[in-house]
Structure formats: C-alpha cells, structure tokens
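Visitor: Could you have a look at this structure, given as structure tokens, before my questions?
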Amino acid sequence: MVFARGGHEVVLWDQEPEQVGRALSHIARTLPQLAEQGLIGDAEPVRQHITGAESLAEALTGAAFVQENIVERAEPKQMLFAEVERIAPADAIISSSTSAIMPSIIFGALATRRRCLVSHPMNPPHLAPIVELCGADFTSPDVIARTGEFMASCGMSPIVVKREIEGFILNRLQLAVLNEAFRLIAEGYVTAGDLDKTFTDGLALRWSFMGPIETIDLNAPNGVADYLDRYGSTIRRVGNSQSAARPWPDDMGTKLDAERRATVPSEKLGDATAWRDRRMMALAAHKRAQEKRTPR
C-alpha cells in the first residue's frame with residue numbers, strides 16, 4: 001500500500017485493487033468512532049479527503065509526501081521506490097513505514113535519495129501518535145525537519161532517530177522486553193497471562209503517560225541520579241544475567257499460541273482487534289484531556 005498526500009488530500013494505491021477497497025471501507029467504519037470519542041470533528045468531511053487510485057502514477061500526481069507500507073522485505077521496497085522516484089514530483093518527500101530495515105538499505109541506490117527517509121509509526125497508527133523519523137547519511141536534514149513538521153500537523157508525535165540502527169528506537173525497546181518475556185515464560189517463571197498482567201496492571205499504568213527515564217526520575221526523592229545511586233548495581237547485575245541467559249526456544253510461538261487461542265479463539269481475533277482499537281480510542285481521548293507533561 002502506498003499513501004500519497006498533496007494539499008489536504010490522501011490517496012491510497014495498491015497493486016491489488018481490492019486492498020484499497022478494504023482500506024477505504026475500514027476508514028469509513030473507523031472515522032465515526034473517532035468522532036464519537038472527540039478525536040476528530042465531523043467524520044464525513046474527513047472521509048471525502050481520502051480516496052483510492054487505480055495506478056501508482058495517479059496516486060503520485062501532485063503528491064507532496066509519499067508513504068510506503070508494503071511487505072517487510074528490502075527487495076520489494078527497493079523495486080517500488082525505484083518506480084516512485086521516477087514518477088513522483090521532484091520535490092515530494094519519499095518515506096517508508098518499515099519497522100526495522102535501515103534507510104540506507106532501502107534507498108541507497110536511488111538518485112534522489114537525499115529526499116528519502118523512514119517514518120515508522122506504531123500499530124494502529126491512527127490511535128498511537130508516535131512516529132520515528134530515521135534518515136541515512138545521505139538524507140537531507142531539511143527533509144527530516146519538514147517531515148517532522150508535517151507529521152506534527154497530522155497530530156502525530158515525531159521523534160528523530162539520530163543515527164541509523166536496525167529496529168530504530170521503538171522496536172529495539174519492544175524487542176528487548178519481548179526477549180526477556182519469552183525467556184521468563186520458557187524457563188517456567190510465569191505464564192503468558194500473568195506476564196501480560198504485569199504490564200496492564202503495573203508498568204503500563206505509568207508508561208501510558210510517562211516514559212521509563214521520567215519514571216525513575218520520579219521514583220527516588222532526589223531524582224534520576226539518586227535512583228541510579230540506589231538501584232544502579234541491581235540494574236547492572238540483572239542486565240548481566242539477561243545477556244547471559246539462554247535463548248528462548250524455537251517452539252515458543254506454538255506454546256504462546258496455544259495459551260492465547262484458549263483465551264481468544266482464532267475466529268475472534270478480528271473482534272479482539274476491534275476491542276483493542278476502542279480501548280485505545282478511549283485512552284487517546286483521556287490523554288488528550290489531561291496535562292501532557294509534568295509540572296515545571
């Protein structure tokens with residue numbers, strides 16, 4: 001799927017036309033829900049600005065910003081962007097939604113690679129405002145700055161990945177948690193359900209409105225330096241034990257799937273995803289009504 005934006009218009013294109021139809025139908029169902037939560041105004045005018053295209057050339061006509069969201073493999077992305085570069089307006093910013101592939105790999109062969117970067121959102125991107133902006137050494141700083149301004153104007157919360165690294169920031173943090181979670185489950189310390197509860201009834205309550213650095217800054221009487229004086233040796237010791245731990249087993253997916261399907265059968269996964277989105281809409285509305293930052 002390719003998203004192209006020119007002015008206030010968003011155009012979708014995919015090699016499989018039915019994918020565009022499904023996307024437009026999903027958008028039409030979702031916009032009224034966002035309006036009910038006060039996250040957007042009237043849904044219908046927004047929907048009228050989102051259309052589908054029958055060809056890539058049609059989608060890119062007049063585009064100011066191009067966002068790719070296809071299979072997570074370098075070669076198909078490289079092939080697509082070679083075509084996008086040929087067709088898109090010369091001043092259009094070209095961006096990828098890749099979750100982990102470095103921009104130098106995706107865009108390195110393009111003649112106009114200075115205008116190319118990764119803009120990695122979190123799923124579902126219409127409810128999670130974070131977006132990681134990562135350029136390569138060849139990416140123009142102005143392109144990164146313009147993309148940040150554009151994303152902020154769309155209600156997103158952009159961060160800049162200052163140097164290329166596989167997985168960027170969000171997924172490196174997420175995967176560090178998942179690797180430790182898999183080990184704890186595999187070695188019999190906790191069930192998948194209780195591990196998830198540790199987040200939903202514990203860490204996530206703080207992390208939903210402040211990050212881990214701000215958390216530890218507020219968890220010691222005199223701030224973050226005091227916290228590290230108190231707990232730094234424990235953090236290092238546990239970190240050493242994690243790095244020395246055995247890798248989680250290859251059958252982890254099978255075991256986790258068995259536990260999860262006992263809770264949410266396969267035929268109910270769509271309903272569970274819709275439930276997730278409703279909860280995230282309510283949380284987004286709540287956060288919007290609260291103070292965004294701690295007092296200063």
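Ligands are numbered from 1 in the order shown, residues from 1 within each chain, and chains are lettered A, B, ... in the order they appear in the structure tokens.
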Within 10 Å of segment 118-138 of chain A, which residues of segment 168-223 of chain A show up? Give each one with its shortest atom-to-atom distance in Å (one decimal) and the two atoms involved, counting only C-alpha atoms, rows by chain then rising residue number, as a tab-separated table.
Guide:
```
residue	atom	partner	partner_atom	distance
A:Phe168	CA	A:Glu132	CA	7.5
A:Ile169	CA	A:Glu132	CA	7.6
A:Leu170	CA	A:Glu132	CA	7.8
A:Asn171	CA	A:Met122	CA	9.2
```
Visitor: Using the selection just defined, write its residues with N, CA, C and O atoms as a PDB file, in the first residue's frame.
Guide:
```pdb
ATOM      1  N   PHE A 168      15.319   0.705  14.864  1.00  0.00           N
ATOM      2  CA  PHE A 168      15.093   2.069  15.333  1.00  0.00           C
ATOM      3  C   PHE A 168      14.986   2.092  16.871  1.00  0.00           C
ATOM      4  O   PHE A 168      15.710   1.351  17.536  1.00  0.00           O
ATOM      5  N   ILE A 169      14.131   2.898  17.431  1.00  0.00           N
ATOM      6  CA  ILE A 169      14.056   3.015  18.891  1.00  0.00           C
ATOM      7  C   ILE A 169      12.912   2.174  19.445  1.00  0.00           C
ATOM      8  O   ILE A 169      13.089   1.337  20.331  1.00  0.00           O
ATOM      9  N   LEU A 170      11.725   2.370  18.897  1.00  0.00           N
ATOM     10  CA  LEU A 170      10.532   1.714  19.419  1.00  0.00           C
ATOM     11  C   LEU A 170      10.680   0.195  19.431  1.00  0.00           C
ATOM     12  O   LEU A 170      10.452  -0.458  20.450  1.00  0.00           O
ATOM     13  N   ASN A 171      11.064  -0.370  18.303  1.00  0.00           N
ATOM     14  CA  ASN A 171      11.125  -1.828  18.237  1.00  0.00           C
ATOM     15  C   ASN A 171      12.312  -2.410  18.994  1.00  0.00           C
ATOM     16  O   ASN A 171      12.236  -3.525  19.500  1.00  0.00           O
TER      17      ASN A 171
END
```
Visitor: If we count only C-alpha atoms, what is near segment 16-32 of chain A at a cut-off of 10 Å, once residues fewer than 4 positions away on the same chain are taken out, given as a list in words?
Guide: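 With the cut-off at 10 Å, the set is Met1, Val2, Val11, Leu12, Glu36, Gln37, Gly38, Leu39, Ile40, Gly41, Asp42, Ala43, Glu44, Val46, Arg47, Gln48, Ile50, Thr51, Gly52, Ala53, Glu54, Ser55, His126, Ala274, Asp277 and Arg278 of chain A.
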Visitor: Please save N, CA and C atoms of the selected residues as a compact mmCIF listing (two decimals), in the first residue's frame.
Guide:
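See out19.txt below for the written result:
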```txt
# COMPACT_ATOMS: atom_id res chain seq x y z
N MET A 1 0.85 -1.20 0.00
CA MET A 1 0.00 0.00 0.00
C MET A 1 0.88 1.24 0.00
N VAL A 2 0.52 2.21 -0.81
CA VAL A 2 1.23 3.49 -0.87
C VAL A 2 0.23 4.59 -0.53
N VAL A 11 -4.37 9.90 -0.91
CA VAL A 11 -4.70 8.95 -1.97
C VAL A 11 -4.02 7.62 -1.66
N LEU A 12 -4.78 6.52 -1.76
CA LEU A 12 -4.26 5.18 -1.49
C LEU A 12 -4.13 4.41 -2.79
N GLU A 36 -16.90 10.03 17.65
CA GLU A 36 -17.64 9.80 18.91
C GLU A 36 -16.76 10.05 20.13
N GLN A 37 -15.47 9.75 20.00
CA GLN A 37 -14.54 9.94 21.12
C GLN A 37 -13.98 11.36 21.16
N GLY A 38 -14.39 12.21 20.21
CA GLY A 38 -13.89 13.57 20.18
C GLY A 38 -12.48 13.71 19.65
N LEU A 39 -11.98 12.66 18.97
CA LEU A 39 -10.62 12.70 18.45
C LEU A 39 -10.54 13.41 17.10
N ILE A 40 -11.64 13.48 16.39
CA ILE A 40 -11.75 14.29 15.18
C ILE A 40 -13.10 14.99 15.21
N GLY A 41 -13.30 15.92 14.27
CA GLY A 41 -14.60 16.57 14.17
C GLY A 41 -15.57 15.69 13.40
N ASP A 42 -16.34 16.28 12.50
CA ASP A 42 -17.29 15.53 11.70
C ASP A 42 -16.55 14.52 10.82
N ALA A 43 -16.98 13.27 10.83
CA ALA A 43 -16.26 12.22 10.11
C ALA A 43 -16.38 12.35 8.60
N GLU A 44 -17.51 12.77 8.10
CA GLU A 44 -17.74 12.73 6.67
C GLU A 44 -16.81 13.64 5.87
N VAL A 46 -13.82 14.43 6.57
CA VAL A 46 -12.51 13.78 6.58
C VAL A 46 -12.50 12.65 5.56
N ARG A 47 -13.57 11.85 5.55
CA ARG A 47 -13.63 10.72 4.63
C ARG A 47 -13.56 11.18 3.18
N GLN A 48 -14.17 12.31 2.87
CA GLN A 48 -14.18 12.80 1.49
C GLN A 48 -12.80 13.19 0.98
N ILE A 50 -10.15 11.35 1.53
CA ILE A 50 -9.37 10.12 1.38
C ILE A 50 -9.96 9.31 0.24
N THR A 51 -9.17 9.08 -0.80
CA THR A 51 -9.66 8.39 -1.98
C THR A 51 -8.66 7.31 -2.41
N GLY A 52 -9.09 6.49 -3.33
CA GLY A 52 -8.22 5.46 -3.89
C GLY A 52 -7.82 5.81 -5.31
N ALA A 53 -6.71 5.23 -5.77
CA ALA A 53 -6.23 5.45 -7.13
C ALA A 53 -6.11 4.11 -7.84
N GLU A 54 -6.28 4.12 -9.15
CA GLU A 54 -6.18 2.89 -9.93
C GLU A 54 -4.76 2.58 -10.37
N SER A 55 -3.87 3.57 -10.30
CA SER A 55 -2.49 3.34 -10.70
C SER A 55 -1.56 4.12 -9.78
N HIS A 126 -3.41 5.28 13.56
CA HIS A 126 -4.41 6.33 13.73
C HIS A 126 -4.75 6.54 15.21
N ALA A 274 -10.73 -5.17 17.20
CA ALA A 274 -11.68 -4.05 17.28
C ALA A 274 -11.82 -3.56 18.72
N ASP A 277 -8.83 -1.45 19.55
CA ASP A 277 -8.93 -0.11 18.97
C ASP A 277 -9.88 0.77 19.76
N ARG A 278 -11.01 0.21 20.22
CA ARG A 278 -11.94 1.01 21.02
C ARG A 278 -11.28 1.45 22.33
```
Visitor: Considering only strand (DSSP E) as DSSP defines it on the backbone, what residues of segment 25-238 of chain A qualify? List them as a ChimeraX atom specification.
Guide: /A:50-52,65-68,93-96,116-121,130-134,157-161
Visitor: Per DSSP on the backbone, filter segment 25-229 of chain A down to the residues in alpha helix (DSSP H) and report them as an NGL selection string.
Guide: :A and (25-36 or 43-48 or 56-60 or 74-87 or 103-107 or 141-153 or 170-186 or 192-198 or 204-207 or 212-217 or 224-229)
Visitor: For the selection you just gave me, I'd like the residues written to a file as a short mmCIF file (atom, residue, chain, number, x, y, z; two decimals), in the first residue's frame, keeping C-alpha atoms.
Guide:
```cif
data_model
loop_
_atom_site.label_atom_id
_atom_site.label_comp_id
_atom_site.auth_asym_id
_atom_site.auth_seq_id
_atom_site.Cartn_x
_atom_site.Cartn_y
_atom_site.Cartn_z
CA SER A 25 -14.16 0.55 3.96
CA HIS A 26 -12.17 0.26 7.19
CA ILE A 27 -11.56 4.02 7.20
CA ALA A 28 -15.27 4.69 6.64
CA ARG A 29 -16.13 2.48 9.65
CA THR A 30 -13.41 3.93 11.88
CA LEU A 31 -13.87 7.67 11.35
CA PRO A 32 -17.30 7.83 13.08
CA GLN A 33 -15.81 6.01 16.08
CA LEU A 34 -13.03 8.59 16.26
CA ALA A 35 -15.62 11.36 16.06
CA GLU A 36 -17.64 9.80 18.91
CA ALA A 43 -16.26 12.22 10.11
CA GLU A 44 -17.74 12.73 6.67
CA PRO A 45 -15.62 15.71 5.53
CA VAL A 46 -12.51 13.78 6.58
CA ARG A 47 -13.63 10.72 4.63
CA GLN A 48 -14.18 12.80 1.49
CA LEU A 56 0.67 4.40 -8.94
CA ALA A 57 1.04 7.31 -11.36
CA GLU A 58 -2.44 8.54 -10.47
CA ALA A 59 -1.71 8.26 -6.74
CA LEU A 60 1.52 10.23 -7.04
CA ALA A 74 14.11 -4.86 1.41
CA GLU A 75 13.96 -6.00 -2.23
CA PRO A 76 10.25 -5.30 -2.90
CA LYS A 77 10.63 -1.90 -1.26
CA GLN A 78 13.68 -1.10 -3.40
CA MET A 79 11.80 -2.05 -6.56
CA LEU A 80 8.77 0.04 -5.60
CA PHE A 81 10.83 3.10 -4.69
CA ALA A 82 12.73 2.96 -7.97
CA GLU A 83 9.33 3.39 -9.66
CA VAL A 84 8.16 6.02 -7.15
CA GLU A 85 11.32 8.06 -7.72
CA ARG A 86 10.69 8.02 -11.47
CA ILE A 87 7.06 9.15 -11.19
CA PRO A 103 17.02 3.56 5.17
CA SER A 104 20.47 3.19 3.60
CA ILE A 105 19.44 -0.33 2.53
CA ILE A 106 16.07 0.72 1.13
CA PHE A 107 17.02 3.98 -0.59
CA PRO A 141 18.36 17.44 7.33
CA ASP A 142 15.73 19.70 5.79
CA VAL A 143 13.75 16.62 4.68
CA ILE A 144 13.77 15.26 8.23
CA ALA A 145 12.72 18.67 9.60
CA ARG A 146 9.93 19.06 7.02
CA THR A 147 8.69 15.54 7.72
CA GLY A 148 8.60 16.26 11.45
CA GLU A 149 6.55 19.41 10.84
CA PHE A 150 4.20 17.53 8.52
CA MET A 151 3.71 14.67 10.99
CA ALA A 152 3.07 17.10 13.85
CA SER A 153 0.47 18.89 11.70
CA LEU A 170 10.53 1.71 19.42
CA ASN A 171 11.13 -1.83 18.24
CA ARG A 172 14.52 -2.18 19.90
CA LEU A 173 12.83 -1.35 23.22
CA GLN A 174 9.84 -3.57 22.45
CA LEU A 175 12.03 -6.48 21.37
CA ALA A 176 14.20 -6.19 24.47
CA VAL A 177 11.04 -6.62 26.56
CA LEU A 178 9.79 -9.49 24.37
CA ASN A 179 13.09 -11.36 24.52
CA GLU A 180 13.09 -11.22 28.32
CA ALA A 181 9.37 -12.08 28.43
CA PHE A 182 9.91 -15.16 26.26
CA ARG A 183 12.78 -16.34 28.47
CA LEU A 184 10.78 -15.89 31.68
CA ILE A 185 7.90 -17.88 30.19
CA ALA A 186 10.15 -20.56 28.65
CA ALA A 192 1.90 -15.56 29.42
CA GLY A 193 -1.31 -14.31 31.04
CA ASP A 194 0.40 -13.23 34.26
CA LEU A 195 3.25 -11.64 32.34
CA ASP A 196 0.74 -9.54 30.38
CA LYS A 197 -0.99 -8.61 33.63
CA THR A 198 2.35 -7.29 34.93
CA ALA A 204 1.73 0.26 31.55
CA LEU A 205 -0.18 2.42 34.04
CA ARG A 206 2.89 4.61 34.40
CA TRP A 207 4.22 4.15 30.90
CA PRO A 212 10.96 4.90 31.73
CA ILE A 213 13.51 7.71 32.23
CA GLU A 214 10.87 10.08 33.62
CA THR A 215 9.55 7.17 35.71
CA ILE A 216 12.83 6.56 37.51
CA ASP A 217 13.39 10.32 37.90
CA VAL A 224 17.29 10.14 38.47
CA ALA A 225 20.86 10.39 39.79
CA ASP A 226 19.62 9.40 43.24
CA TYR A 227 17.70 6.48 41.72
CA LEU A 228 20.82 5.16 39.99
CA ASP A 229 22.84 5.55 43.18
#
```
Visitor: Just how far from atom CA of Asp14 of chain A is atom CA of Ile165 of chain A, in Å to one decimal?
Guide: 28.5 Å
Visitor: Work out how far apart atom CA of Ala64 of chain A and atom CA of Arg5 of chain A are and give it in Å to one decimal.
Guide: 5.7 Å
Visitor: Rank nothing, just name the residue among A:Ser233, A:Ser208, A:Thr61, A:Gln67 nearest to Met280 of chain A, using only C-alpha atoms.
Guide: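 Closest residue, counting only C-alpha atoms: A:Ser208.
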Visitor: May I ask for the distance between atom CA of Ile70 of chain A and atom CA of Leu117 of chain A, given in Å to one decimal place?
Guide: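 Those two atoms sit 15.3 Å apart.
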Visitor: For Gly167 of chain A, which residue out of A:Ile235, A:Met102, A:Lys255, A:His286 is the nearest one, using only C-alpha atoms?
Guide: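 Residue with the minimum atom-to-atom distance to Gly167 of chain A: A:Met102.
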